[in-house]
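Worksheet: the structure to be examined is printed underneath.
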Amino acid sequence: LELAIYGDASHFPAYASHLTEMAAGDQRIRFAGVYARDQVSAIFSNVDLVVVPSTWYENSPNVILEAFAHKVPVIASNLGAFPELVIPGISGALFEPNDAAHLAVILQQFLDEPGRVNQLRQSIPAVKSLAQEIDEIVDLYSDALKR
């Protein structure tokens with residue numbers, strides 16, 4: 001098991017420092033920092049799972065959609081819009097926010113069942129393109145105007 005943590009640590013320096021202290025000496029944990037837009041596919045090609053441990057409500061985080069576009073299952077907090085995107089057993093798993101023990105149980109299940117990641121990869125639904133999303137919204141408004 002290896003953990004790569006991506007993100008800009010400068011937004012919450014005290015929290016980032018706390019994470020760095022907690023991870024000290026553990027060679028399996030790497031703080032990867034910020035990545036450029038053109039690196040997204042390369043990063044996802046080397047990832048088995050994405051964990052999104054948010055503690056606040058988010059409406060549709062791009063990281064989940066990017067993971068799905070690359071057929072990478074997601075383990076996310078059961079919070080906000082995450083349960084609408086991540087369907088347990090289909091595209092990933094959900095855990096209770098701030099519950100590290102629950103997350104650990106889910107991660108252990110993936111370690112115990114190595115074929116599970118590939119099974120989920122095959123069942124992740126296609127992600128709509130921006131053009132498809134806009135077309136659907138335009139169609140909805142057009143239908144509403146016709147009525």
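Identifiers for the structure tokens are assigned positionally: chains receive A, B, ... in sequence, residues are indexed from 1 per chain, and ligands are indexed from 1 in the order shown.
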Output as CSV one row per residue of stretch 6-51 of chain A within 12 Å of stretch 103-118 of chain A: the closest atom pair and its distance in Å to one decimal place, counting only C-alpha atoms, sorted by chain and residue number ascending.
```
residue,atom,partner,partner_atom,distance
A:Val47,CA,A:Val117,CA,10.5
A:Asp48,CA,A:Val117,CA,6.8
A:Leu49,CA,A:Val117,CA,7.5
A:Val50,CA,A:Leu107,CA,10.9
A:Val51,CA,A:Leu103,CA,9.2
```
Hey, can you spit out that residue selection with N, CA, C and O atoms as a PDB file, in the first residue's frame?
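Output file out-v4.pdb follows:
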```
ATOM      1  N   VAL A  47      -2.635   5.060 -10.550  1.00  0.00           N
ATOM      2  CA  VAL A  47      -3.425   5.042  -9.318  1.00  0.00           C
ATOM      3  C   VAL A  47      -4.444   3.909  -9.379  1.00  0.00           C
ATOM      4  O   VAL A  47      -5.097   3.711 -10.396  1.00  0.00           O
ATOM      5  N   ASP A  48      -4.567   3.171  -8.283  1.00  0.00           N
ATOM      6  CA  ASP A  48      -5.581   2.116  -8.197  1.00  0.00           C
ATOM      7  C   ASP A  48      -6.894   2.645  -7.633  1.00  0.00           C
ATOM      8  O   ASP A  48      -7.968   2.234  -8.065  1.00  0.00           O
ATOM      9  N   LEU A  49      -6.810   3.514  -6.651  1.00  0.00           N
ATOM     10  CA  LEU A  49      -7.989   4.078  -5.982  1.00  0.00           C
ATOM     11  C   LEU A  49      -7.734   5.543  -5.677  1.00  0.00           C
ATOM     12  O   LEU A  49      -6.594   5.938  -5.426  1.00  0.00           O
ATOM     13  N   VAL A  50      -8.806   6.314  -5.646  1.00  0.00           N
ATOM     14  CA  VAL A  50      -8.730   7.702  -5.192  1.00  0.00           C
ATOM     15  C   VAL A  50      -9.570   7.796  -3.924  1.00  0.00           C
ATOM     16  O   VAL A  50     -10.704   7.318  -3.888  1.00  0.00           O
ATOM     17  N   VAL A  51      -9.001   8.399  -2.896  1.00  0.00           N
ATOM     18  CA  VAL A  51      -9.726   8.616  -1.652  1.00  0.00           C
ATOM     19  C   VAL A  51      -9.996  10.112  -1.523  1.00  0.00           C
ATOM     20  O   VAL A  51      -9.073  10.920  -1.625  1.00  0.00           O
TER      21      VAL A  51
END
```
Can you list, as a ChimeraX atom specification, every protein, DNA or RNA residue that comes within 12 Å of stretch 59-74 of chain A when you count only C-alpha atoms, leaving out same-chain residues fewer than 5 positions away? /A:6-7,37,39-54,79-95,103,106-107,110,116-130
What parts of stretch 12-111 of chain A does DSSP call helix (DSSP H, G or I)? I'd like the answer as number ranges by chain. A: 13-23, 37-44, 62-69, 82-85, 100-111
Would you mind listing what lies within 12 Å of A:Ser10 as a ChimeraX atom specification, with only C-alpha atoms counted and same-chain residues fewer than 5 positions away left out? /A:15-17,33-34
Residue set, chain A restricted to strand (DSSP E), as a ChimeraX atom specification: /A:3-6,29-33,50-52,74-77,92-95
Would you mind reading off the distance between atom CA of A:Leu3 and atom CA of A:Leu19, one decimal, in Å?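 The value is 12.4 Å.
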